[in-house]
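Undergrad: Here you go, one structure.
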Amino acid sequence: MVRLVFLGKFGDLAPPSLAQVALPREVKTLADLKSWIGRAEPGLGRAMENTPARLVLNQCVALDLSHAVSDGDEVAFLPPMSGG
Amino acid sequence: MAVRIALEPFDPQAETARFAAGRDDAGALVSFVGLCRAATGGAAVEELRIDHYPGFTEKEIARLTEETARRFDCPDLLVVHRVGRIEPGEAIVLVAALSVHRANAFEAVKVLMDYLKTDAPLWKKESGPDGARWIEPRAEDHTRRRQAEKDMA
């Protein structure tokens, strides 16, 4: 299982069923995971295409989407930030 | 360095007093408090909600804080940032800096606030009579952030 965290406006579009998912066989990398989410939830997929999304793997920023995803990982999807 | 995510309202003056208590290594203390406005761009704000990513948010703000302290030679910096539901008039963020002389403390607070606007993993949602909307950094926030990077180079 992989834990998925959707922050900010992505959180509004992600159904609770996406919080924890069994990794589909075809998902090997972060890029695969992002595409799979886009197919499963087209509204969320569009939002992640239209907004620069940063990915965080196990609490570390993932700049390379070819990074492997494995069972037990936590992947977070971050829209542009707005603190302060 | 101290970074705290506050789930409940906090008292900026009490936090600042605690931060500076007993410090005789600094000649300047500068603090900034960001407050929740009752209106933005002419539209009423009934409530602000700020989301964070527990663990990662604290780690990233600590990284930005340490970078700022190194750059401006501050012996200590404090960041307290609210998350959750915030009402107009409540404090959203407190940034305080101690330094030997005032110029560095002023600069450190300004630059750290610029970082927080664009680089801290926090997401603001404003709600009012016309509905709710997620806030994204303004062009001027990015400009200030780029300028800070240039100044550092």
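Here's how to read the names in the structure tokens: chain A, B, ... by the order shown, residue numbers from 1 in each chain, ligand numbers from 1 in the order shown.
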Within 6 Å of chain B, which residues belong to chain A? Use only C-alpha atoms and report them as a list of chain:residue names.
TA: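 Residues passing the distance filter: A:Gly8, A:Gln59, A:Met81, A:Ser82, A:Gly83, A:Gly84.
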Undergrad: Write down as an mmCIF file with N, CA and C atoms, in the first residue's frame the residues of chain B whose backbone DSSP state falls under strand (DSSP E).
TA:
data_model
loop_
_atom_site.group_PDB
_atom_site.id
_atom_site.type_symbol
_atom_site.label_atom_id
_atom_site.label_comp_id
_atom_site.auth_asym_id
_atom_site.auth_seq_id
_atom_site.Cartn_x
_atom_site.Cartn_y
_atom_site.Cartn_z
ATOM 1 N N ALA B 2 13.758 28.521 16.739
ATOM 2 C CA ALA B 2 12.528 27.858 17.178
ATOM 3 C C ALA B 2 11.464 28.034 16.110
ATOM 4 N N VAL B 3 10.855 26.926 15.739
ATOM 5 C CA VAL B 3 9.758 26.951 14.766
ATOM 6 C C VAL B 3 8.596 26.208 15.409
ATOM 7 N N ARG B 4 7.456 26.855 15.445
ATOM 8 C CA ARG B 4 6.305 26.208 16.060
ATOM 9 C C ARG B 4 5.082 26.375 15.164
ATOM 10 N N ILE B 5 4.383 25.283 14.932
ATOM 11 C CA ILE B 5 3.103 25.333 14.236
ATOM 12 C C ILE B 5 2.034 25.376 15.322
ATOM 13 N N ALA B 6 1.217 26.433 15.303
ATOM 14 C CA ALA B 6 0.217 26.611 16.359
ATOM 15 C C ALA B 6 -1.151 26.176 15.849
ATOM 16 N N ALA B 28 19.563 43.877 19.351
ATOM 17 C CA ALA B 28 18.341 44.234 18.625
ATOM 18 C C ALA B 28 17.375 43.068 18.611
ATOM 19 N N LEU B 29 16.116 43.397 18.779
ATOM 20 C CA LEU B 29 15.024 42.425 18.641
ATOM 21 C C LEU B 29 14.000 43.062 17.716
ATOM 22 N N VAL B 30 13.728 42.405 16.578
ATOM 23 C CA VAL B 30 12.703 42.897 15.644
ATOM 24 C C VAL B 30 11.671 41.793 15.485
ATOM 25 N N SER B 31 10.398 42.174 15.509
ATOM 26 C CA SER B 31 9.365 41.153 15.297
ATOM 27 C C SER B 31 8.312 41.666 14.329
ATOM 28 N N PHE B 32 7.690 40.730 13.630
ATOM 29 C CA PHE B 32 6.603 41.042 12.716
ATOM 30 C C PHE B 32 5.453 40.096 13.027
ATOM 31 N N VAL B 33 4.227 40.639 13.020
ATOM 32 C CA VAL B 33 3.047 39.804 13.225
ATOM 33 C C VAL B 33 2.115 39.995 12.042
ATOM 34 N N GLY B 34 1.748 38.927 11.380
ATOM 35 C CA GLY B 34 0.763 38.970 10.296
ATOM 36 C C GLY B 34 -0.596 38.628 10.877
ATOM 37 N N LEU B 35 -1.603 39.452 10.544
ATOM 38 C CA LEU B 35 -2.944 39.278 11.111
ATOM 39 C C LEU B 35 -3.944 38.896 10.023
ATOM 40 N N ALA B 39 -11.301 41.745 5.438
ATOM 41 C CA ALA B 39 -11.660 41.897 4.025
ATOM 42 C C ALA B 39 -10.389 41.885 3.201
ATOM 43 N N THR B 40 -10.485 41.348 1.991
ATOM 44 C CA THR B 40 -9.337 41.369 1.105
ATOM 45 C C THR B 40 -9.813 41.726 -0.301
ATOM 46 N N ALA B 43 -13.506 42.227 -0.731
ATOM 47 C CA ALA B 43 -14.417 41.121 -0.406
ATOM 48 C C ALA B 43 -14.264 40.741 1.069
ATOM 49 N N ALA B 44 -15.395 40.543 1.732
ATOM 50 C CA ALA B 44 -15.356 40.200 3.159
ATOM 51 C C ALA B 44 -14.758 38.814 3.360
ATOM 52 N N GLU B 47 -13.666 33.726 7.283
ATOM 53 C CA GLU B 47 -12.789 32.738 7.904
ATOM 54 C C GLU B 47 -11.627 32.417 6.978
ATOM 55 N N LEU B 48 -10.495 32.177 7.604
ATOM 56 C CA LEU B 48 -9.314 31.753 6.855
ATOM 57 C C LEU B 48 -8.968 30.354 7.355
ATOM 58 N N ARG B 49 -8.620 29.483 6.420
ATOM 59 C CA ARG B 49 -8.163 28.157 6.842
ATOM 60 C C ARG B 49 -6.771 27.938 6.276
ATOM 61 N N ILE B 50 -5.871 27.485 7.090
ATOM 62 C CA ILE B 50 -4.515 27.184 6.599
ATOM 63 C C ILE B 50 -4.228 25.707 6.819
ATOM 64 N N ASP B 51 -3.885 25.033 5.725
ATOM 65 C CA ASP B 51 -3.500 23.617 5.792
ATOM 66 C C ASP B 51 -1.992 23.513 5.891
ATOM 67 N N HIS B 52 -1.521 22.472 6.535
ATOM 68 C CA HIS B 52 -0.084 22.190 6.532
ATOM 69 C C HIS B 52 0.126 20.695 6.341
ATOM 70 N N ASP B 76 19.598 34.114 17.022
ATOM 71 C CA ASP B 76 18.365 33.345 17.194
ATOM 72 C C ASP B 76 17.223 33.946 16.367
ATOM 73 N N LEU B 77 16.348 33.050 15.892
ATOM 74 C CA LEU B 77 15.146 33.456 15.143
ATOM 75 C C LEU B 77 13.978 32.634 15.660
ATOM 76 N N LEU B 78 12.799 33.225 15.586
ATOM 77 C CA LEU B 78 11.581 32.527 16.029
ATOM 78 C C LEU B 78 10.525 32.635 14.938
ATOM 79 N N VAL B 79 9.877 31.518 14.638
ATOM 80 C CA VAL B 79 8.706 31.530 13.749
ATOM 81 C C VAL B 79 7.579 30.780 14.458
ATOM 82 N N VAL B 80 6.432 31.428 14.586
ATOM 83 C CA VAL B 80 5.220 30.743 15.045
ATOM 84 C C VAL B 80 4.193 30.944 13.941
ATOM 85 N N HIS B 81 3.635 29.869 13.421
ATOM 86 C CA HIS B 81 2.657 29.983 12.328
ATOM 87 C C HIS B 81 1.398 29.219 12.678
ATOM 88 N N ARG B 82 0.268 29.916 12.600
ATOM 89 C CA ARG B 82 -1.023 29.267 12.859
ATOM 90 C C ARG B 82 -1.397 28.376 11.692
ATOM 91 N N GLY B 84 -5.052 25.704 10.584
ATOM 92 C CA GLY B 84 -6.435 25.419 10.947
ATOM 93 C C GLY B 84 -7.318 26.620 10.674
ATOM 94 N N ARG B 85 -8.434 26.721 11.413
ATOM 95 C CA ARG B 85 -9.391 27.826 11.192
ATOM 96 C C ARG B 85 -8.950 29.067 11.948
ATOM 97 N N ILE B 86 -8.904 30.183 11.219
ATOM 98 C CA ILE B 86 -8.440 31.444 11.814
ATOM 99 C C ILE B 86 -9.496 32.516 11.559
ATOM 100 N N ALA B 91 -3.837 36.459 15.045
ATOM 101 C CA ALA B 91 -2.490 36.421 14.468
ATOM 102 C C ALA B 91 -2.327 35.160 13.623
ATOM 103 N N ILE B 92 -1.744 35.345 12.438
ATOM 104 C CA ILE B 92 -1.449 34.202 11.563
ATOM 105 C C ILE B 92 -0.003 33.765 11.753
ATOM 106 N N VAL B 93 0.883 34.752 11.778
ATOM 107 C CA VAL B 93 2.309 34.416 11.827
ATOM 108 C C VAL B 93 3.071 35.425 12.681
ATOM 109 N N LEU B 94 4.069 34.923 13.390
ATOM 110 C CA LEU B 94 5.015 35.778 14.125
ATOM 111 C C LEU B 94 6.416 35.378 13.686
ATOM 112 N N VAL B 95 7.199 36.375 13.277
ATOM 113 C CA VAL B 95 8.620 36.145 12.988
ATOM 114 C C VAL B 95 9.400 37.128 13.858
ATOM 115 N N ALA B 96 10.345 36.631 14.610
ATOM 116 C CA ALA B 96 11.162 37.518 15.454
ATOM 117 C C ALA B 96 12.636 37.161 15.264
ATOM 118 N N ALA B 97 13.472 38.188 15.273
ATOM 119 C CA ALA B 97 14.914 37.990 15.076
ATOM 120 C C ALA B 97 15.701 38.742 16.133
ATOM 121 N N LEU B 98 16.729 38.091 16.637
ATOM 122 C CA LEU B 98 17.698 38.736 17.518
ATOM 123 C C LEU B 98 18.985 38.898 16.734
ATOM 124 N N SER B 99 19.618 40.076 16.856
ATOM 125 C CA SER B 99 20.930 40.235 16.239
ATOM 126 C C SER B 99 21.723 41.270 17.031
ATOM 127 N N LEU B 122 2.485 25.661 3.260
ATOM 128 C CA LEU B 122 1.246 26.087 3.910
ATOM 129 C C LEU B 122 0.293 26.519 2.806
ATOM 130 N N TRP B 123 -0.994 26.266 3.009
ATOM 131 C CA TRP B 123 -1.981 26.594 1.968
ATOM 132 C C TRP B 123 -3.158 27.299 2.627
ATOM 133 N N LYS B 124 -3.435 28.514 2.102
ATOM 134 C CA LYS B 124 -4.482 29.369 2.687
ATOM 135 C C LYS B 124 -5.760 29.290 1.865
ATOM 136 N N LYS B 125 -6.881 29.190 2.554
ATOM 137 C CA LYS B 125 -8.188 29.234 1.885
ATOM 138 C C LYS B 125 -9.056 30.258 2.598
ATOM 139 N N GLU B 126 -9.510 31.241 1.820
ATOM 140 C CA GLU B 126 -10.366 32.290 2.390
ATOM 141 C C GLU B 126 -11.822 31.968 2.089
ATOM 142 N N SER B 127 -12.680 32.154 3.086
ATOM 143 C CA SER B 127 -14.115 31.967 2.872
ATOM 144 C C SER B 127 -14.846 33.250 3.217
ATOM 145 N N GLY B 128 -15.829 33.585 2.378
ATOM 146 C CA GLY B 128 -16.657 34.767 2.619
ATOM 147 C C GLY B 128 -18.043 34.526 2.074
ATOM 148 N N GLY B 131 -18.310 32.698 -1.251
ATOM 149 C CA GLY B 131 -17.717 31.375 -1.405
ATOM 150 C C GLY B 131 -16.286 31.333 -0.905
ATOM 151 N N ALA B 132 -15.603 30.241 -1.251
ATOM 152 C CA ALA B 132 -14.244 30.035 -0.744
ATOM 153 C C ALA B 132 -13.262 29.983 -1.906
ATOM 154 N N ARG B 133 -12.025 30.431 -1.643
ATOM 155 C CA ARG B 133 -10.997 30.326 -2.692
ATOM 156 C C ARG B 133 -9.624 30.107 -2.062
ATOM 157 N N TRP B 134 -8.830 29.284 -2.763
ATOM 158 C CA TRP B 134 -7.453 29.048 -2.327
ATOM 159 C C TRP B 134 -6.603 30.232 -2.762
ATOM 160 N N ILE B 135 -5.723 30.676 -1.879
ATOM 161 C CA ILE B 135 -4.844 31.810 -2.160
ATOM 162 C C ILE B 135 -3.510 31.286 -2.694
#
Undergrad: Could you pull the residues within 8 Å of Glu74 of chain A, counting only C-alpha atoms, minus those fewer than 2 positions along the same chain, as a PDB file with C-alpha atoms, in the first residue's frame?
TA:
ATOM      1  CA  VAL A   2       1.071   3.586  -0.677  1.00  0.00           C
ATOM      2  CA  ARG A   3      -0.142   6.537   1.370  1.00  0.00           C
ATOM      3  CA  LEU A   4      -1.143   9.555  -0.723  1.00  0.00           C
ATOM      4  CA  VAL A   5      -1.443  13.068   0.717  1.00  0.00           C
ATOM      5  CA  LEU A  57       8.327  11.332  -1.319  1.00  0.00           C
ATOM      6  CA  ASN A  58       8.647  10.139   2.283  1.00  0.00           C
ATOM      7  CA  GLN A  59       8.908  13.768   3.468  1.00  0.00           C
ATOM      8  CA  GLY A  72       5.060   1.575   2.236  1.00  0.00           C
ATOM      9  CA  ALA A  76       2.409  14.067  -1.157  1.00  0.00           C
TER      10      ALA A  76
END
Undergrad: Could you list, as a ChimeraX atom specification, every residue within 7 Å of segment 23-36 of chain A, counting only C-alpha atoms and ignoring same-chain residues fewer than 3 positions away?
TA: /A:1-2,39-40,65-69
Undergrad: Output C-alpha atoms for every residue in the selection just made, as a compact mmCIF listing (two decimals), in the first residue's frame.
TA:
# COMPACT_ATOMS: atom_id res chain seq x y z
CA MET A 1 0.00 0.00 0.00
CA VAL A 2 1.07 3.59 -0.68
CA ARG A 39 -6.83 8.54 -15.06
CA ALA A 40 -8.58 7.52 -11.83
CA LEU A 65 9.69 11.97 -11.27
CA SER A 66 11.52 8.89 -12.56
CA HIS A 67 12.14 8.00 -8.89
CA ALA A 68 10.72 4.56 -8.00
CA VAL A 69 7.62 4.20 -5.83
Undergrad: Could you pull out the residues in segment 7-122 of chain B that DSSP calls helix (DSSP H, G or I) from the backbone, as a ChimeraX atom specification?
TA: /B:12-20,56-72,102-119
Undergrad: Between atom CA of Ala14 of chain A and atom CA of Ile37 of chain A, what is the spacing in Å?
TA: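 Taking atom CA of Ile37 of chain A as the start and atom CA of Ala14 of chain A as the end point, the length is 9.4 Å.
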Undergrad: Could you check the closest approach to Pro75 of chain B for each of B:Ala108, B:Ala103, B:Arg63, B:Asp25 and tell me which residue wins, using only C-alpha atoms?
TA: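 Among the listed residues, B:Asp25 lies closest to Pro75 of chain B.
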